[in-house]
Amino acid sequence: MKLARGVIIAAVLAGAGTARAECPTTPDDGDDAVCRPWSAMLLPTAFGSIYVPHGLSGTYYGGGLEAVLLAWSDNSNAYGPSQGRVRIDVSYLTGTAMSTPGMVMYRGGAQLAFERNASRAYLIPYFAADVGGLWSDATGRRWFVDGGLGVYLIHRRSAILDLEVTGFLPLRDVGTLGGVTSRLGLSFALW
């Protein structure tokens with residue numbers, strides 16, 4: 001019995017090696033889909049959004065549509081982010097306060113993953129930055145920039161599910177309209 005345990009322990013120790021969490025530098029024919037680089041254009045996206053301004057009563061919530069102009073995944077040691085997207089979107093938000101009119105928000109920007117070789121298709125953190133505008137009867141048109149953090153809950157060629165929280169900085173009326181936005185989006189490939 002002691003000899004059998006000793007043989008098992010020796011086999012485990014002899015077979016142990018350094019764990020590699022990154023994709024190989026030279027993919028072979030049997031590599032998994034996560035390590036194969038891909039890019040896609042014109043991915044439609046539906047998303048839900050929340051906007052919490054500091055100086056207005058209530059919270060705004062709603063949804064919208066987004067066009068991902070370019071999305072990519074390249075889990076390698078090459079310079080740059082392993083995953084990312086370039087996007088434009090438009091949303092309609094209604095307020096929680098009864099007297100609050102709805103607003104339209106539109107923006108364009110990018111999401112870039114922090115990791116160079118994530119070697120996975122889930123829970124990939126990213127940075128987001130956008131430039132856009134909002135319009136409502138009460139505010140008129142206001143230009144803004146936003147930036148924040150997010151996570152690709154799933155990042156595959158066929159579907160991308162992401163959650164994002166950004167700081168919202170209007171170029172005028174910062175004390176009233178400045179705040180936080182959050183969104184949950186689902187992109188999918190048509191082909």
# chains A, B, ... in the order shown; residues from 1 in each chain; ligands from 1

$ residues_around --residues "range 104-107 of chain A" --least-positions-apart "3" --cutoff "8 Å" --atoms "only C-alpha atoms" --output "short mmCIF file (atom, residue, chain, number, x, y, z; two decimals) with N, CA, C and O atoms, in the first residue's frame"
data_model
loop_
_atom_site.label_atom_id
_atom_site.label_comp_id
_atom_site.auth_asym_id
_atom_site.auth_seq_id
_atom_site.Cartn_x
_atom_site.Cartn_y
_atom_site.Cartn_z
N ILE A 88 -20.95 52.93 -32.17
CA ILE A 88 -21.82 54.09 -32.11
C ILE A 88 -23.17 53.59 -31.60
O ILE A 88 -23.57 52.46 -31.88
N ASP A 89 -23.86 54.42 -30.81
CA ASP A 89 -25.16 53.98 -30.29
C ASP A 89 -26.10 55.15 -30.06
O ASP A 89 -25.69 56.31 -30.04
N VAL A 90 -27.37 54.82 -29.91
CA VAL A 90 -28.41 55.78 -29.58
C VAL A 90 -29.38 55.10 -28.61
O VAL A 90 -29.66 53.91 -28.74
N SER A 91 -29.85 55.87 -27.60
CA SER A 91 -30.78 55.31 -26.62
C SER A 91 -31.84 56.33 -26.27
O SER A 91 -31.65 57.54 -26.43
N TYR A 92 -32.97 55.83 -25.79
CA TYR A 92 -34.04 56.67 -25.27
C TYR A 92 -34.22 56.34 -23.80
O TYR A 92 -34.41 55.17 -23.44
N LEU A 93 -34.17 57.37 -22.95
CA LEU A 93 -34.27 57.18 -21.50
C LEU A 93 -35.43 57.97 -20.95
O LEU A 93 -35.66 59.11 -21.34
N ASP A 130 -15.97 57.54 -24.63
CA ASP A 130 -16.93 57.93 -25.65
C ASP A 130 -17.05 59.45 -25.71
O ASP A 130 -16.76 60.15 -24.74
N VAL A 131 -17.55 59.94 -26.84
CA VAL A 131 -17.95 61.33 -27.04
C VAL A 131 -19.37 61.27 -27.58
O VAL A 131 -19.68 60.43 -28.43
N GLY A 132 -20.25 62.13 -27.09
CA GLY A 132 -21.62 62.08 -27.57
C GLY A 132 -22.43 63.29 -27.18
O GLY A 132 -21.88 64.33 -26.80
N GLY A 133 -23.73 63.13 -27.28
CA GLY A 133 -24.65 64.21 -26.94
C GLY A 133 -25.92 63.65 -26.36
O GLY A 133 -26.24 62.47 -26.50
N LEU A 134 -26.64 64.53 -25.65
CA LEU A 134 -27.97 64.17 -25.17
C LEU A 134 -28.90 65.31 -25.52
O LEU A 134 -28.48 66.46 -25.68
N TRP A 135 -30.17 64.97 -25.65
CA TRP A 135 -31.17 65.99 -25.97
C TRP A 135 -32.46 65.67 -25.21
O TRP A 135 -32.90 64.51 -25.16
N SER A 136 -33.04 66.70 -24.61
CA SER A 136 -34.37 66.62 -24.02
C SER A 136 -35.00 68.00 -24.10
O SER A 136 -34.30 69.00 -24.33
#

$ residues_around --residues "Gln111 in chain A" --least-positions-apart "4" --cutoff "8 Å" --atoms "only C-alpha atoms" --output "list in words"
Gly84, Arg85, Val86, Tyr126, Phe127, Ala128 and Ala129 of chain A

$ residues_around --residues "range 73-78 of chain A" --least-positions-apart "3" --cutoff "10 Å" --atoms "only C-alpha atoms" --output "PyMOL selection string"
chain A and resi 22-27+34-40+81-85+113+115-121+155-157

$ write_last_selection --atoms "N, CA, C and O atoms" --output "mmCIF file, in the first residue's frame"
data_model
loop_
_atom_site.group_PDB
_atom_site.id
_atom_site.type_symbol
_atom_site.label_atom_id
_atom_site.label_comp_id
_atom_site.auth_asym_id
_atom_site.auth_seq_id
_atom_site.Cartn_x
_atom_site.Cartn_y
_atom_site.Cartn_z
ATOM 1 N N GLU A 22 -1.748 31.463 -20.865
ATOM 2 C CA GLU A 22 -1.848 32.247 -22.084
ATOM 3 C C GLU A 22 -1.909 31.329 -23.296
ATOM 4 O O GLU A 22 -1.573 30.158 -23.234
ATOM 5 N N CYS A 23 -2.338 31.897 -24.411
ATOM 6 C CA CYS A 23 -2.394 31.130 -25.648
ATOM 7 C C CYS A 23 -0.986 30.918 -26.176
ATOM 8 O O CYS A 23 -0.102 31.744 -25.979
ATOM 9 N N PRO A 24 -0.758 29.810 -26.890
ATOM 10 C CA PRO A 24 0.577 29.551 -27.430
ATOM 11 C C PRO A 24 0.935 30.559 -28.525
ATOM 12 O O PRO A 24 0.058 31.138 -29.159
ATOM 13 N N THR A 25 2.225 30.750 -28.737
ATOM 14 C CA THR A 25 2.662 31.700 -29.760
ATOM 15 C C THR A 25 2.507 31.143 -31.164
ATOM 16 O O THR A 25 2.367 31.893 -32.116
ATOM 17 N N THR A 26 2.525 29.832 -31.322
ATOM 18 C CA THR A 26 2.311 29.218 -32.630
ATOM 19 C C THR A 26 1.128 28.272 -32.525
ATOM 20 O O THR A 26 1.256 27.148 -32.066
ATOM 21 N N PRO A 27 -0.068 28.742 -32.915
ATOM 22 C CA PRO A 27 -1.239 27.879 -32.805
ATOM 23 C C PRO A 27 -1.119 26.673 -33.725
ATOM 24 O O PRO A 27 -0.575 26.766 -34.821
ATOM 25 N N VAL A 34 -10.751 30.042 -28.505
ATOM 26 C CA VAL A 34 -10.368 31.235 -27.765
ATOM 27 C C VAL A 34 -9.034 31.779 -28.266
ATOM 28 O O VAL A 34 -8.817 32.985 -28.313
ATOM 29 N N CYS A 35 -8.131 30.916 -28.664
ATOM 30 C CA CYS A 35 -6.797 31.342 -29.090
ATOM 31 C C CYS A 35 -6.738 31.760 -30.555
ATOM 32 O O CYS A 35 -5.769 32.367 -30.983
ATOM 33 N N ARG A 36 -7.741 31.438 -31.346
ATOM 34 C CA ARG A 36 -7.756 31.836 -32.746
ATOM 35 C C ARG A 36 -8.157 33.306 -32.858
ATOM 36 O O ARG A 36 -9.211 33.691 -32.363
ATOM 37 N N PRO A 37 -7.352 34.162 -33.495
ATOM 38 C CA PRO A 37 -7.741 35.566 -33.647
ATOM 39 C C PRO A 37 -8.928 35.705 -34.597
ATOM 40 O O PRO A 37 -9.080 34.920 -35.535
ATOM 41 N N TRP A 38 -9.779 36.695 -34.319
ATOM 42 C CA TRP A 38 -10.901 36.988 -35.201
ATOM 43 C C TRP A 38 -11.223 38.478 -35.141
ATOM 44 O O TRP A 38 -10.849 39.167 -34.200
ATOM 45 N N SER A 39 -11.910 38.950 -36.144
ATOM 46 C CA SER A 39 -12.454 40.305 -36.153
ATOM 47 C C SER A 39 -13.806 40.248 -36.835
ATOM 48 O O SER A 39 -14.075 39.358 -37.643
ATOM 49 N N ALA A 40 -14.657 41.190 -36.496
ATOM 50 C CA ALA A 40 -16.008 41.233 -37.059
ATOM 51 C C ALA A 40 -16.414 42.692 -37.244
ATOM 52 O O ALA A 40 -15.956 43.569 -36.500
ATOM 53 N N PRO A 81 -4.283 45.698 -26.892
ATOM 54 C CA PRO A 81 -5.321 44.965 -26.158
ATOM 55 C C PRO A 81 -5.778 43.716 -26.908
ATOM 56 O O PRO A 81 -5.867 43.717 -28.130
ATOM 57 N N SER A 82 -6.083 42.674 -26.154
ATOM 58 C CA SER A 82 -6.496 41.418 -26.780
ATOM 59 C C SER A 82 -7.921 41.473 -27.326
ATOM 60 O O SER A 82 -8.229 40.808 -28.298
ATOM 61 N N GLN A 83 -8.801 42.233 -26.693
ATOM 62 C CA GLN A 83 -10.179 42.361 -27.149
ATOM 63 C C GLN A 83 -10.543 43.844 -27.205
ATOM 64 O O GLN A 83 -9.987 44.652 -26.468
ATOM 65 N N GLY A 84 -11.502 44.174 -28.060
ATOM 66 C CA GLY A 84 -11.957 45.547 -28.133
ATOM 67 C C GLY A 84 -13.080 45.724 -29.129
ATOM 68 O O GLY A 84 -13.424 44.794 -29.862
ATOM 69 N N ARG A 85 -13.650 46.948 -29.103
ATOM 70 C CA ARG A 85 -14.741 47.292 -30.016
ATOM 71 C C ARG A 85 -14.706 48.788 -30.297
ATOM 72 O O ARG A 85 -14.347 49.575 -29.434
ATOM 73 N N ALA A 113 -9.635 46.182 -23.988
ATOM 74 C CA ALA A 113 -9.317 45.293 -22.870
ATOM 75 C C ALA A 113 -7.977 45.684 -22.251
ATOM 76 O O ALA A 113 -7.082 46.181 -22.925
ATOM 77 N N GLU A 115 -5.956 43.472 -20.787
ATOM 78 C CA GLU A 115 -5.026 42.368 -20.946
ATOM 79 C C GLU A 115 -4.555 42.224 -22.385
ATOM 80 O O GLU A 115 -5.312 42.438 -23.317
ATOM 81 N N ARG A 116 -3.315 41.816 -22.539
ATOM 82 C CA ARG A 116 -2.755 41.596 -23.865
ATOM 83 C C ARG A 116 -3.046 40.175 -24.348
ATOM 84 O O ARG A 116 -3.259 39.956 -25.521
ATOM 85 N N ASN A 117 -3.060 39.205 -23.459
ATOM 86 C CA ASN A 117 -3.298 37.811 -23.821
ATOM 87 C C ASN A 117 -4.232 37.204 -22.777
ATOM 88 O O ASN A 117 -3.801 36.493 -21.883
ATOM 89 N N ALA A 118 -5.512 37.524 -22.885
ATOM 90 C CA ALA A 118 -6.480 37.060 -21.883
ATOM 91 C C ALA A 118 -6.646 35.545 -21.913
ATOM 92 O O ALA A 118 -6.899 34.931 -20.890
ATOM 93 N N SER A 119 -6.534 34.927 -23.054
ATOM 94 C CA SER A 119 -6.651 33.482 -23.278
ATOM 95 C C SER A 119 -7.915 32.880 -22.671
ATOM 96 O O SER A 119 -7.925 31.743 -22.248
ATOM 97 N N ARG A 120 -8.975 33.676 -22.636
ATOM 98 C CA ARG A 120 -10.280 33.183 -22.207
ATOM 99 C C ARG A 120 -11.342 34.035 -22.912
ATOM 100 O O ARG A 120 -11.039 35.093 -23.430
ATOM 101 N N ALA A 121 -12.561 33.564 -22.910
ATOM 102 C CA ALA A 121 -13.643 34.271 -23.585
ATOM 103 C C ALA A 121 -14.673 34.797 -22.583
ATOM 104 O O ALA A 121 -15.818 35.029 -22.941
ATOM 105 N N HIS A 155 -17.144 37.036 -24.416
ATOM 106 C CA HIS A 155 -16.578 37.673 -25.615
ATOM 107 C C HIS A 155 -16.219 36.581 -26.619
ATOM 108 O O HIS A 155 -15.126 36.040 -26.623
ATOM 109 N N ARG A 156 -17.186 36.251 -27.456
ATOM 110 C CA ARG A 156 -17.009 35.251 -28.517
ATOM 111 C C ARG A 156 -17.342 35.897 -29.847
ATOM 112 O O ARG A 156 -17.965 36.944 -29.900
ATOM 113 N N ARG A 157 -16.946 35.230 -30.912
ATOM 114 C CA ARG A 157 -17.236 35.785 -32.236
ATOM 115 C C ARG A 157 -18.739 35.855 -32.492
ATOM 116 O O ARG A 157 -19.220 36.778 -33.123
#

$ select_by_dssp --residues "range 61-123 of chain A" --states "strand (DSSP E or B)" --output "ChimeraX atom specification"
/A:61-73,83-95,103-113,122-123

$ decode --residues "range 129-140 of chain A" --atoms "all heavy atoms" --output "PDB file, in the first residue's frame"
ATOM      1  N   ALA A 129     -14.269  54.667 -23.462  1.00  0.00           N
ATOM      2  CA  ALA A 129     -14.277  56.123 -23.610  1.00  0.00           C
ATOM      3  C   ALA A 129     -15.168  56.482 -24.792  1.00  0.00           C
ATOM      4  O   ALA A 129     -15.145  55.800 -25.827  1.00  0.00           O
ATOM      5  CB  ALA A 129     -12.865  56.644 -23.831  1.00  0.00           C
ATOM      6  N   ASP A 130     -15.970  57.540 -24.625  1.00  0.00           N
ATOM      7  CA  ASP A 130     -16.927  57.935 -25.651  1.00  0.00           C
ATOM      8  C   ASP A 130     -17.051  59.453 -25.706  1.00  0.00           C
ATOM      9  O   ASP A 130     -16.765  60.153 -24.736  1.00  0.00           O
ATOM     10  CB  ASP A 130     -18.319  57.369 -25.334  1.00  0.00           C
ATOM     11  CG  ASP A 130     -18.335  55.869 -25.229  1.00  0.00           C
ATOM     12  OD1 ASP A 130     -18.244  55.217 -26.275  1.00  0.00           O
ATOM     13  OD2 ASP A 130     -18.423  55.355 -24.104  1.00  0.00           O
ATOM     14  N   VAL A 131     -17.555  59.937 -26.843  1.00  0.00           N
ATOM     15  CA  VAL A 131     -17.951  61.328 -27.044  1.00  0.00           C
ATOM     16  C   VAL A 131     -19.368  61.271 -27.584  1.00  0.00           C
ATOM     17  O   VAL A 131     -19.678  60.432 -28.435  1.00  0.00           O
ATOM     18  CB  VAL A 131     -17.026  62.024 -28.059  1.00  0.00           C
ATOM     19  CG1 VAL A 131     -17.519  63.423 -28.364  1.00  0.00           C
ATOM     20  CG2 VAL A 131     -15.603  62.056 -27.555  1.00  0.00           C
ATOM     21  N   GLY A 132     -20.245  62.131 -27.093  1.00  0.00           N
ATOM     22  CA  GLY A 132     -21.619  62.081 -27.574  1.00  0.00           C
ATOM     23  C   GLY A 132     -22.427  63.288 -27.180  1.00  0.00           C
ATOM     24  O   GLY A 132     -21.884  64.329 -26.798  1.00  0.00           O
ATOM     25  N   GLY A 133     -23.728  63.131 -27.282  1.00  0.00           N
ATOM     26  CA  GLY A 133     -24.646  64.207 -26.940  1.00  0.00           C
ATOM     27  C   GLY A 133     -25.923  63.653 -26.358  1.00  0.00           C
ATOM     28  O   GLY A 133     -26.240  62.472 -26.499  1.00  0.00           O
ATOM     29  N   LEU A 134     -26.638  64.525 -25.652  1.00  0.00           N
ATOM     30  CA  LEU A 134     -27.971  64.170 -25.168  1.00  0.00           C
ATOM     31  C   LEU A 134     -28.905  65.306 -25.518  1.00  0.00           C
ATOM     32  O   LEU A 134     -28.478  66.456 -25.683  1.00  0.00           O
ATOM     33  CB  LEU A 134     -27.974  63.864 -23.677  1.00  0.00           C
ATOM     34  CG  LEU A 134     -27.660  64.962 -22.669  1.00  0.00           C
ATOM     35  CD1 LEU A 134     -28.893  65.765 -22.303  1.00  0.00           C
ATOM     36  CD2 LEU A 134     -27.108  64.315 -21.426  1.00  0.00           C
ATOM     37  N   TRP A 135     -30.172  64.975 -25.651  1.00  0.00           N
ATOM     38  CA  TRP A 135     -31.174  65.988 -25.965  1.00  0.00           C
ATOM     39  C   TRP A 135     -32.455  65.665 -25.211  1.00  0.00           C
ATOM     40  O   TRP A 135     -32.903  64.514 -25.160  1.00  0.00           O
ATOM     41  CB  TRP A 135     -31.469  66.016 -27.460  1.00  0.00           C
ATOM     42  CG  TRP A 135     -32.484  67.054 -27.788  1.00  0.00           C
ATOM     43  CD1 TRP A 135     -32.255  68.365 -28.080  1.00  0.00           C
ATOM     44  CD2 TRP A 135     -33.898  66.874 -27.809  1.00  0.00           C
ATOM     45  NE1 TRP A 135     -33.435  69.017 -28.278  1.00  0.00           N
ATOM     46  CE2 TRP A 135     -34.477  68.118 -28.120  1.00  0.00           C
ATOM     47  CE3 TRP A 135     -34.741  65.789 -27.582  1.00  0.00           C
ATOM     48  CZ2 TRP A 135     -35.844  68.316 -28.224  1.00  0.00           C
ATOM     49  CZ3 TRP A 135     -36.100  65.974 -27.686  1.00  0.00           C
ATOM     50  CH2 TRP A 135     -36.648  67.223 -28.007  1.00  0.00           C
ATOM     51  N   SER A 136     -33.040  66.704 -24.611  1.00  0.00           N
ATOM     52  CA  SER A 136     -34.370  66.621 -24.018  1.00  0.00           C
ATOM     53  C   SER A 136     -34.998  68.003 -24.096  1.00  0.00           C
ATOM     54  O   SER A 136     -34.305  68.996 -24.332  1.00  0.00           O
ATOM     55  CB  SER A 136     -34.310  66.142 -22.562  1.00  0.00           C
ATOM     56  OG  SER A 136     -33.811  67.151 -21.719  1.00  0.00           O
ATOM     57  N   ASP A 137     -36.307  68.074 -23.895  1.00  0.00           N
ATOM     58  CA  ASP A 137     -36.991  69.371 -23.897  1.00  0.00           C
ATOM     59  C   ASP A 137     -36.446  70.274 -22.796  1.00  0.00           C
ATOM     60  O   ASP A 137     -36.292  71.473 -22.984  1.00  0.00           O
ATOM     61  CB  ASP A 137     -38.500  69.181 -23.706  1.00  0.00           C
ATOM     62  CG  ASP A 137     -39.162  68.610 -24.950  1.00  0.00           C
ATOM     63  OD1 ASP A 137     -38.601  68.782 -26.053  1.00  0.00           O
ATOM     64  OD2 ASP A 137     -40.235  67.992 -24.813  1.00  0.00           O
ATOM     65  N   ALA A 138     -36.139  69.706 -21.645  1.00  0.00           N
ATOM     66  CA  ALA A 138     -35.692  70.500 -20.493  1.00  0.00           C
ATOM     67  C   ALA A 138     -34.252  70.998 -20.650  1.00  0.00           C
ATOM     68  O   ALA A 138     -33.941  72.108 -20.227  1.00  0.00           O
ATOM     69  CB  ALA A 138     -35.803  69.666 -19.224  1.00  0.00           C
ATOM     70  N   THR A 139     -33.379  70.216 -21.249  1.00  0.00           N
ATOM     71  CA  THR A 139     -31.957  70.580 -21.308  1.00  0.00           C
ATOM     72  C   THR A 139     -31.519  71.102 -22.671  1.00  0.00           C
ATOM     73  O   THR A 139     -30.478  71.739 -22.769  1.00  0.00           O
ATOM     74  CB  THR A 139     -31.071  69.364 -20.975  1.00  0.00           C
ATOM     75  OG1 THR A 139     -31.267  68.351 -21.961  1.00  0.00           O
ATOM     76  CG2 THR A 139     -31.374  68.834 -19.600  1.00  0.00           C
ATOM     77  N   GLY A 140     -32.277  70.823 -23.707  1.00  0.00           N
ATOM     78  CA  GLY A 140     -31.790  71.109 -25.046  1.00  0.00           C
ATOM     79  C   GLY A 140     -30.690  70.120 -25.394  1.00  0.00           C
ATOM     80  O   GLY A 140     -30.615  69.036 -24.816  1.00  0.00           O
TER      81      GLY A 140
END
